[in-house]
>>> print(open('input.txt').read())   # compact mmCIF, C-alpha atoms
# COMPACT_ATOMS: atom_id res chain seq x y z
CA MET A 1 119.20 113.10 82.92
CA ASN A 2 118.87 112.65 79.15
CA ARG A 3 116.52 114.61 76.92
CA ASP A 4 113.77 111.99 76.78
CA THR A 5 113.79 111.37 80.53
CA GLU A 6 113.38 115.05 81.19
CA LEU A 7 110.64 115.24 78.57
CA ILE A 8 108.74 112.31 80.12
CA LYS A 9 108.93 113.98 83.53
CA LYS A 10 107.44 117.16 82.12
CA LEU A 11 104.81 115.30 80.11
CA LYS A 12 103.60 113.58 83.28
CA ASN A 13 103.35 116.87 85.13
CA PRO A 14 99.88 118.37 84.42
CA GLU A 15 101.25 121.91 84.68
CA LEU A 16 104.07 121.33 82.19
CA LYS A 17 102.39 118.78 79.94
CA ASN A 18 101.20 121.15 77.21
CA GLU A 19 104.55 122.88 76.80
CA ALA A 20 106.39 119.55 76.88
CA PHE A 21 104.06 118.15 74.25
CA LYS A 22 105.00 120.99 71.91
CA ASP A 23 108.66 120.04 72.39
CA LEU A 24 107.78 116.42 71.74
CA LEU A 25 106.11 117.38 68.47
CA ASP A 26 109.16 119.39 67.42
CA LEU A 27 111.42 116.42 68.13
CA TYR A 28 109.39 113.52 66.77
CA GLN A 29 106.70 114.73 64.40
CA GLU A 30 108.86 114.50 61.29
CA ARG A 31 110.37 111.15 62.20
CA LEU A 32 107.00 109.56 62.91
CA TYR A 33 105.46 111.05 59.78
CA TRP A 34 108.01 109.36 57.53
CA HIS A 35 107.73 106.11 59.46
CA ILE A 36 103.96 106.17 58.85
CA ARG A 37 104.20 107.39 55.27
CA LYS A 38 106.17 104.33 54.16
CA ILE A 39 103.47 102.06 55.55
CA VAL A 40 100.33 103.88 54.36
CA ILE A 41 102.11 105.33 51.26
CA THR A 42 100.04 108.46 50.51
CA HIS A 43 100.54 111.84 52.17
CA ASP A 44 96.87 112.32 53.10
CA ASN A 45 96.69 108.95 54.80
CA ALA A 46 99.99 109.59 56.57
CA ASN A 47 98.71 112.94 57.80
CA ASP A 48 95.56 111.33 59.24
CA VAL A 49 97.53 108.58 60.96
CA LEU A 50 100.12 111.04 62.28
CA GLN A 51 97.44 113.13 63.98
CA GLU A 52 95.79 110.07 65.48
CA THR A 53 99.18 108.85 66.67
CA PHE A 54 99.99 112.06 68.54
CA ILE A 55 96.53 112.21 70.05
CA ARG A 56 97.10 108.69 71.39
CA ILE A 57 100.55 109.64 72.65
CA PHE A 58 99.16 112.70 74.47
CA ARG A 59 96.32 110.79 76.06
CA GLY A 60 98.40 107.71 76.82
CA MET A 61 101.34 109.49 78.41
CA ASP A 62 100.04 108.93 81.95
CA SER A 63 99.93 105.18 81.34
CA PHE A 64 103.43 105.05 79.81
CA LYS A 65 105.34 102.78 82.21
CA GLU A 66 108.80 103.53 80.74
CA LYS A 67 109.53 99.84 80.18
CA SER A 68 110.82 100.86 76.75
CA SER A 69 112.31 104.17 75.66
CA LEU A 70 110.00 107.05 74.79
CA HIS A 71 111.37 106.82 71.26
CA THR A 72 110.41 103.14 70.86
CA TRP A 73 107.06 103.60 72.58
CA MET A 74 106.04 106.34 70.15
CA TYR A 75 107.23 104.40 67.10
CA LYS A 76 105.19 101.44 68.31
CA ILE A 77 102.06 103.58 68.58
CA ALA A 78 102.71 105.00 65.11
CA TYR A 79 103.28 101.51 63.68
CA ASN A 80 100.14 100.10 65.27
CA GLU A 81 98.09 103.10 64.17
CA SER A 82 99.30 102.62 60.60
CA LEU A 83 98.32 98.95 60.61
CA ARG A 84 94.96 99.84 62.16
CA PHE A 85 94.39 102.44 59.45
CA ILE A 86 95.16 99.91 56.71
CA GLU A 87 92.84 97.35 58.28
CA LYS A 88 90.09 99.92 58.78
CA ASN A 89 90.25 101.24 55.23
CA LYS A 90 90.94 97.84 53.68
CA ILE A 91 93.78 99.22 51.64
CA GLN A 92 96.66 97.08 50.49
CA THR A 93 99.66 99.32 50.52
CA SER A 94 102.96 98.05 51.73
CA VAL A 95 102.36 94.30 51.77
CA SER A 96 105.09 92.57 49.89
CA ILE A 97 103.43 89.53 48.40
CA GLU A 98 103.54 89.50 44.64
CA GLN A 99 99.85 90.01 43.89
CA ASP A 100 99.69 93.15 46.06
CA HIS A 101 102.77 94.75 44.55
CA ASN A 102 100.67 96.45 41.87
CA THR A 103 98.36 97.98 44.49
CA TYR A 104 101.36 99.45 46.29
CA ILE A 105 102.63 101.08 43.11
CA LYS A 106 99.14 102.21 42.14
CA ASN A 107 98.63 103.97 45.51
CA LEU A 108 102.07 105.52 45.29
CA THR A 109 101.74 106.90 41.80
CA GLN A 110 98.22 108.26 42.42
CA ASP A 111 99.45 110.32 45.37
CA GLU A 112 99.78 113.98 44.40
CA PHE A 113 102.84 114.22 46.64
CA PHE A 114 104.78 111.50 44.84
CA ASN A 115 107.19 113.19 42.48
CA GLY A 116 109.53 110.30 41.83
CA ASN A 117 111.46 109.73 38.63
CA GLU A 118 111.93 106.35 36.95
CA LEU A 119 114.78 105.30 39.21
CA GLN A 120 112.88 106.23 42.38
CA LEU A 121 109.80 104.39 41.16
CA LYS A 122 111.99 101.36 40.48
CA PHE A 123 113.40 101.53 43.99
CA ASN A 124 109.85 101.55 45.37
CA GLU A 125 108.94 98.59 43.21
CA ILE A 126 111.91 96.58 44.46
CA ILE A 127 111.02 97.37 48.08
CA SER A 128 107.37 96.48 47.52
CA LYS A 129 108.39 93.05 46.19
CA LEU A 130 110.35 92.17 49.34
CA PRO A 131 108.77 89.74 51.83
CA SER A 132 106.87 91.60 54.52
CA LYS A 133 109.42 91.13 57.29
CA GLN A 134 112.38 92.16 55.11
CA GLN A 135 110.47 95.18 53.85
CA ARG A 136 109.68 96.42 57.36
CA VAL A 137 113.20 95.86 58.68
CA PHE A 138 114.80 97.53 55.68
CA GLN A 139 112.57 100.60 55.91
CA MET A 140 113.02 101.00 59.66
CA LYS A 141 116.75 100.49 59.51
CA TYR A 142 117.65 102.33 56.34
CA PHE A 143 115.14 105.21 56.33
CA ASP A 144 114.06 105.57 59.98
CA ASP A 145 117.58 104.94 61.30
CA LEU A 146 116.32 102.72 64.14
CA SER A 147 118.69 100.30 65.85
CA PHE A 148 118.12 96.54 65.63
CA ARG A 149 117.27 96.61 69.33
CA GLU A 150 114.53 99.19 68.75
CA ILE A 151 113.15 97.31 65.73
CA SER A 152 113.20 94.13 67.81
CA ASP A 153 111.07 95.84 70.47
CA LEU A 154 108.71 97.21 67.83
CA LEU A 155 108.13 94.05 65.83
CA ASP A 156 108.73 91.57 68.66
CA ILE A 157 111.28 89.67 66.58
CA SER A 158 114.75 88.66 67.79
CA GLU A 159 117.67 90.89 66.83
CA ASN A 160 119.50 88.06 65.03
CA THR A 161 116.46 87.31 62.88
CA LEU A 162 116.14 91.01 62.09
CA LYS A 163 119.82 91.32 61.12
CA SER A 164 119.51 88.33 58.84
CA ALA A 165 116.34 89.75 57.25
CA TYR A 166 117.94 93.17 56.80
CA TYR A 167 121.10 91.93 55.09
CA THR A 168 119.05 89.66 52.85
CA ALA A 169 116.87 92.66 51.89
CA VAL A 170 119.93 94.83 51.17
CA LYS A 171 121.44 92.10 49.00
CA THR A 172 118.16 91.67 47.08
CA ILE A 173 117.84 95.42 46.45
CA GLU A 174 121.47 95.74 45.32
CA ASP A 175 121.11 92.76 42.98
CA ASN A 176 117.93 94.21 41.49
CA ILE A 177 119.46 97.67 40.99
CA LEU A 178 122.56 96.15 39.40
CA ALA A 179 120.39 94.04 37.14
CA GLU A 180 118.59 97.18 35.91
CA CYS A 181 121.83 99.03 35.11
CA MET B 1 124.31 99.82 50.88
CA LYS B 2 125.91 102.45 53.12
CA LYS B 3 124.49 103.00 56.60
CA LEU B 4 123.25 106.54 57.10
CA LYS B 5 123.18 108.35 60.41
CA LEU B 6 120.15 110.53 60.02
CA HIS B 7 119.17 113.76 61.65
CA LYS B 8 115.58 114.92 61.69
CA GLU B 9 116.33 117.52 59.02
CA ASP B 10 117.76 114.88 56.67
CA LEU B 11 114.65 112.70 56.71
CA SER B 12 112.56 114.67 54.25
CA ARG B 13 115.49 114.99 51.86
CA LEU B 14 116.28 111.26 52.08
CA HIS B 15 112.69 110.23 51.38
CA LYS B 16 112.43 112.68 48.51
CA ASP B 17 115.74 111.68 46.97
CA LYS B 18 115.39 107.91 47.35
CA LEU B 19 111.63 107.30 47.18
CA GLY B 20 110.30 110.40 45.41
CA MET B 21 107.94 111.11 48.33
CA ASP B 22 107.23 114.77 48.92
CA ILE B 23 105.21 116.85 51.38
CA PRO B 24 103.26 120.14 51.13
CA GLU B 25 105.06 123.36 52.00
CA ASP B 26 105.12 124.13 55.75
CA PHE B 27 103.39 120.82 56.34
CA PHE B 28 105.00 120.10 59.73
CA ALA B 29 104.24 123.57 61.13
CA LYS B 30 100.58 123.28 60.11
CA SER B 31 100.37 119.69 61.29
CA LYS B 32 101.77 120.68 64.69
CA GLU B 33 99.14 123.37 65.00
CA ASN B 34 96.34 120.95 64.06
CA ILE B 35 97.50 118.35 66.56
CA LEU B 36 97.82 120.92 69.35
CA ASN B 37 94.34 122.23 68.61
CA LYS B 38 92.98 118.71 68.97
CA VAL B 39 94.71 117.76 72.20
CA ILE B 40 95.09 121.01 74.12
CA GLU B 41 91.83 122.63 75.11
CA PRO B 42 91.93 126.43 75.06
CA GLU B 43 91.75 127.98 78.50
CA THR B 44 88.56 130.06 78.59
CA PRO B 45 88.14 132.49 81.48
CA LYS B 46 85.43 131.29 83.82
CA GLN B 47 82.53 133.71 84.21
CA THR B 48 81.02 133.45 87.66
CA VAL B 49 78.14 135.28 89.32
CA PHE B 50 79.44 137.94 91.74
CA TRP B 51 78.03 136.40 94.89
CA LEU B 52 79.28 132.93 93.84
CA ARG B 53 82.91 134.09 93.82
CA PRO B 54 84.93 132.32 96.52
CA ILE B 55 85.72 135.51 98.43
CA ILE B 56 81.98 136.11 98.91
CA ALA B 57 80.59 132.60 98.83
CA TYR B 58 82.89 131.02 101.45
CA PRO B 59 82.09 133.44 104.31
CA ILE B 60 78.37 133.15 103.50
CA ALA B 61 78.56 129.37 103.59
CA ALA B 62 80.52 129.46 106.86
CA SER B 63 77.93 131.78 108.45
CA ILE B 64 75.05 129.53 107.40
CA ILE B 65 76.79 126.46 108.81
CA LEU B 66 77.54 128.28 112.07
CA ALA B 67 73.92 129.44 112.39
CA ILE B 68 72.62 125.91 111.80
CA ALA B 69 75.08 124.50 114.34
CA ILE B 70 74.04 127.02 117.01
CA THR B 71 70.34 126.31 116.35
CA PHE B 72 70.88 122.58 116.79
CA TRP B 73 72.95 123.13 119.92
CA MET B 74 70.30 125.38 121.45
CA LYS B 75 67.61 122.83 120.70
CA ASN B 76 69.49 119.83 121.99
CA ASN B 77 71.20 121.32 125.08
CA PRO B 78 68.14 121.70 127.48
CA SER B 79 67.10 118.12 126.92
CA GLU B 80 70.62 117.03 127.74
CA ILE B 81 70.50 118.89 131.06
CA LYS B 82 67.08 117.38 131.74
CA ASN B 83 68.50 113.93 131.05
CA GLN B 84 71.48 114.56 133.29
CA MET B 85 69.25 115.75 136.16
CA SER B 86 66.96 112.80 135.90
CA ASN B 87 69.93 110.46 135.88
CA THR B 88 71.31 112.01 139.05
CA GLU B 89 67.98 111.83 140.75
CA ALA B 90 67.63 108.23 139.73
CA ILE B 91 71.02 107.44 141.27
CA LYS B 92 69.98 109.11 144.48
CA LEU B 93 66.73 107.20 144.57
CA ILE B 94 68.32 103.85 143.89
CA SER B 95 71.22 104.24 146.32
CA PRO B 96 70.78 107.09 148.72
CA ASP B 97 73.85 105.98 150.71
CA LEU B 98 76.36 106.27 147.92
CA LEU B 99 79.86 107.16 148.98
CA GLU B 100 81.08 110.67 148.45
CA SER B 101 83.60 109.43 145.91
CA ASP B 102 80.73 108.03 143.86
CA PHE B 103 79.10 111.39 143.92
CA LEU B 104 82.36 113.04 142.94
CA ILE B 105 82.60 110.82 139.87
CA ALA B 106 78.96 111.36 139.11
CA SER B 107 79.44 115.08 139.63
CA LEU B 108 81.77 115.17 136.67
CA MET B 109 78.75 114.36 134.53
CA VAL B 110 76.56 116.97 136.23
CA SER B 111 76.32 120.61 135.35
CA ASP B 112 77.61 123.32 137.73
CA SER B 113 74.18 124.69 138.56
CA GLU B 114 72.90 121.25 139.40
CA MET B 115 75.96 120.59 141.52
CA ASN B 116 75.46 123.86 143.40
CA ASP B 117 71.82 122.97 144.06
CA TYR B 118 72.83 119.57 145.31
CA LEU B 119 75.59 120.93 147.53
CA ASP B 120 73.22 123.49 149.04
CA ARG B 121 70.73 120.77 149.88
CA TYR B 122 73.47 118.44 151.14
CA LEU B 123 74.97 121.14 153.35
CA ILE B 124 71.62 122.08 154.81
CA LYS B 125 70.73 118.48 155.50
CA ASN B 126 74.00 117.00 156.67
CA VAL B 127 75.93 119.92 158.08
CA VAL B 128 73.57 122.62 159.28
CA ILE B 129 70.83 120.33 160.58
CA GLU B 130 73.24 117.90 162.17
CA ALA B 131 75.17 120.77 163.63
CA GLU B 132 72.00 122.18 165.06
CA LEU B 133 71.07 118.77 166.42
CA SER B 134 74.44 118.26 168.01
CA GLU B 135 74.28 121.77 169.50
CA GLN B 136 70.86 120.97 170.93
CA GLN B 137 72.18 117.73 172.38
CA LEU B 138 75.13 119.56 173.94
CA GLU B 139 72.79 122.07 175.40
CA ASN B 140 70.60 119.29 176.77
CA ILE B 141 73.60 117.52 178.23
CA PHE B 142 74.79 120.75 179.74
CA ILE B 143 71.36 121.48 181.18
CA ASN B 144 71.05 117.93 182.44
CA SER B 145 74.48 118.05 183.97
CA VAL B 146 73.70 121.37 185.60
CA LEU B 147 70.43 120.02 186.95
CA ILE B 148 72.17 116.90 188.19
CA GLU B 149 74.90 118.91 189.78
CA ASP B 150 72.40 121.19 191.41
CA SER B 151 70.46 118.27 192.80
CA LEU B 152 73.62 116.59 194.00
CA ILE B 153 74.87 119.76 195.66
CA ASN B 154 71.53 120.33 197.18
CA HIS B 155 71.41 116.78 198.30
CA TYR B 156 74.95 117.01 199.66
CA LEU B 157 74.28 120.29 201.34
CA ASP B 158 71.08 119.00 202.84
CA LYS B 159 72.78 115.91 204.09
CA SER B 160 75.87 117.70 205.49
CA LEU B 161 73.73 120.39 207.03
CA ILE B 162 71.59 117.88 208.85
CA GLU B 163 74.62 116.03 210.04
CA ASN B 164 76.28 119.17 211.16
CA ILE B 165 73.23 120.45 212.88
CA VAL B 166 72.28 117.17 214.36
CA LEU B 167 75.80 116.22 215.29
>>> encode(input="input.txt", output="structure tokens")
Amino acid sequence: MNRDTELIKKLKNPELKNEAFKDLLDLYQERLYWHIRKIVITHDNANDVLQETFIRIFRGMDSFKEKSSLHTWMYKIAYNESLRFIEKNKIQTSVSIEQDHNTYIKNLTQDEFFNGNELQLKFNEIISKLPSKQQRVFQMKYFDDLSFREISDLLDISENTLKSAYYTAVKTIEDNILAEC
Amino acid sequence: MKKLKLHKEDLSRLHKDKLGMDIPEDFFAKSKENILNKVIEPETPKQTVFWLRPIIAYPIAASIILAIAITFWMKNNPSEIKNQMSNTEAIKLISPDLLESDFLIASLMVSDSEMNDYLDRYLIKNVVIEAELSEQQLENIFINSVLIEDSLINHYLDKSLIENIVL
């Protein structure tokens, strides 16, 4: 029995649920925070979405049918919560189309918990200019360390399409960084 | 770009180093506490009135139910007996010549006291009276036979005596 299977079993047991949920937070809180932060950009927004995500996970655990892994299921909730937050607050953050690139950078630089130097800001700018699909795949693969299979489940896009989008994104970023040097 | 195999602990460092994104000190510990406070309700001890505690309340409830049940039973039982008696009487009226087996089956539905009453009456009527009647008849037959015998003997004696005397 792997760690997640055992955790699911405990989370579905009313007597063990609270203790198991603490373990779940220890295991996944940090991962989901960073997944959310790259979508909503600022720390305060990420904090709000993170809390809402875990509340949904706690309340939705009984309806979790285990068709996907616990890992993927939670990332999906976090991803959907992030998109819902953006829609609700009408903020343009991580969209990659050219005219919204400035909004992304503006939100990033106004966040009190952004301490990036020139190079880091440049890296953010390059990412923000990527097409939406490439941007998502690159962030989930490079920063969140998700497999193509997991990203495929999350975004409902075929693995081959994702691989193609990822390698295109990597090539674009490398070309841009090289051009700056 | 080199593929990184990340552990949870590396995530914050990676995001800080590559993207310049930082977090407040002890953020994850505080966040965990906030989330737990929102989803897990604190267990407050339940304050109950003394006589509402299960150890007191359950026996009281059981006693009340038992008392009600006995009251209902006491009220309903006499009418049941009355109904049973009237049914039996009705059967007797409709078919006075019912077989004994019919009465046996019917007797299953009749109370013991009623059955005893019936048996007393039945015994008096069918056994004692008939026995008395048959005894009376036997006595009559015996008396008759004695009278007949006496008359015959007398007649025989008279006849033989006359013959003997005359002859």
>>> closest_atom_pairs(input="input.txt", of="chain B", to="chain A", cutoff="6 Å", atoms="all atoms listed in the file", output="tab-separated table")
residue	atom	partner	partner_atom	distance
B:Lys18	CA	A:Gln120	CA	5.8
B:Leu19	CA	A:Gln120	CA	5.1
B:Gly20	CA	A:Gly116	CA	3.7
B:Met21	CA	A:Phe114	CA	4.7
B:Asp22	CA	A:Phe113	CA	5.0
B:Ile23	CA	A:Phe113	CA	5.9
B:Ile35	CA	A:Gln51	CA	5.8
>>> closest_residue(input="input.txt", among="A:Lys9, A:Phe148, A:Lys129, A:His101", to="Asp62 in chain A", atoms="only C-alpha atoms")
A:Lys9
>>> atom_distance(input="input.txt", atom1="CA of Arg53 in chain B", atom2="CA of Leu66 in chain B")
19.9 Å
>>> closest_residue(input="input.txt", among="B:His155, B:Arg121, B:His15, B:Lys30", to="Gln139 in chain A", atoms="all atoms listed in the file")
B:His15
>>> closest_residue(input="input.txt", among="A:Ala78, A:Leu11, A:Met140, A:Ala20", to="Ser152 in chain A", atoms="all atoms listed in the file")
A:Met140
>>> atom_distance(input="input.txt", atom1="CA of Ser31 in chain B", atom2="CA of Gly60 in chain A")
19.7 Å
>>> atom_distance(input="input.txt", atom1="CA of Trp73 in chain A", atom2="CA of Leu7 in chain A")
13.6 Å
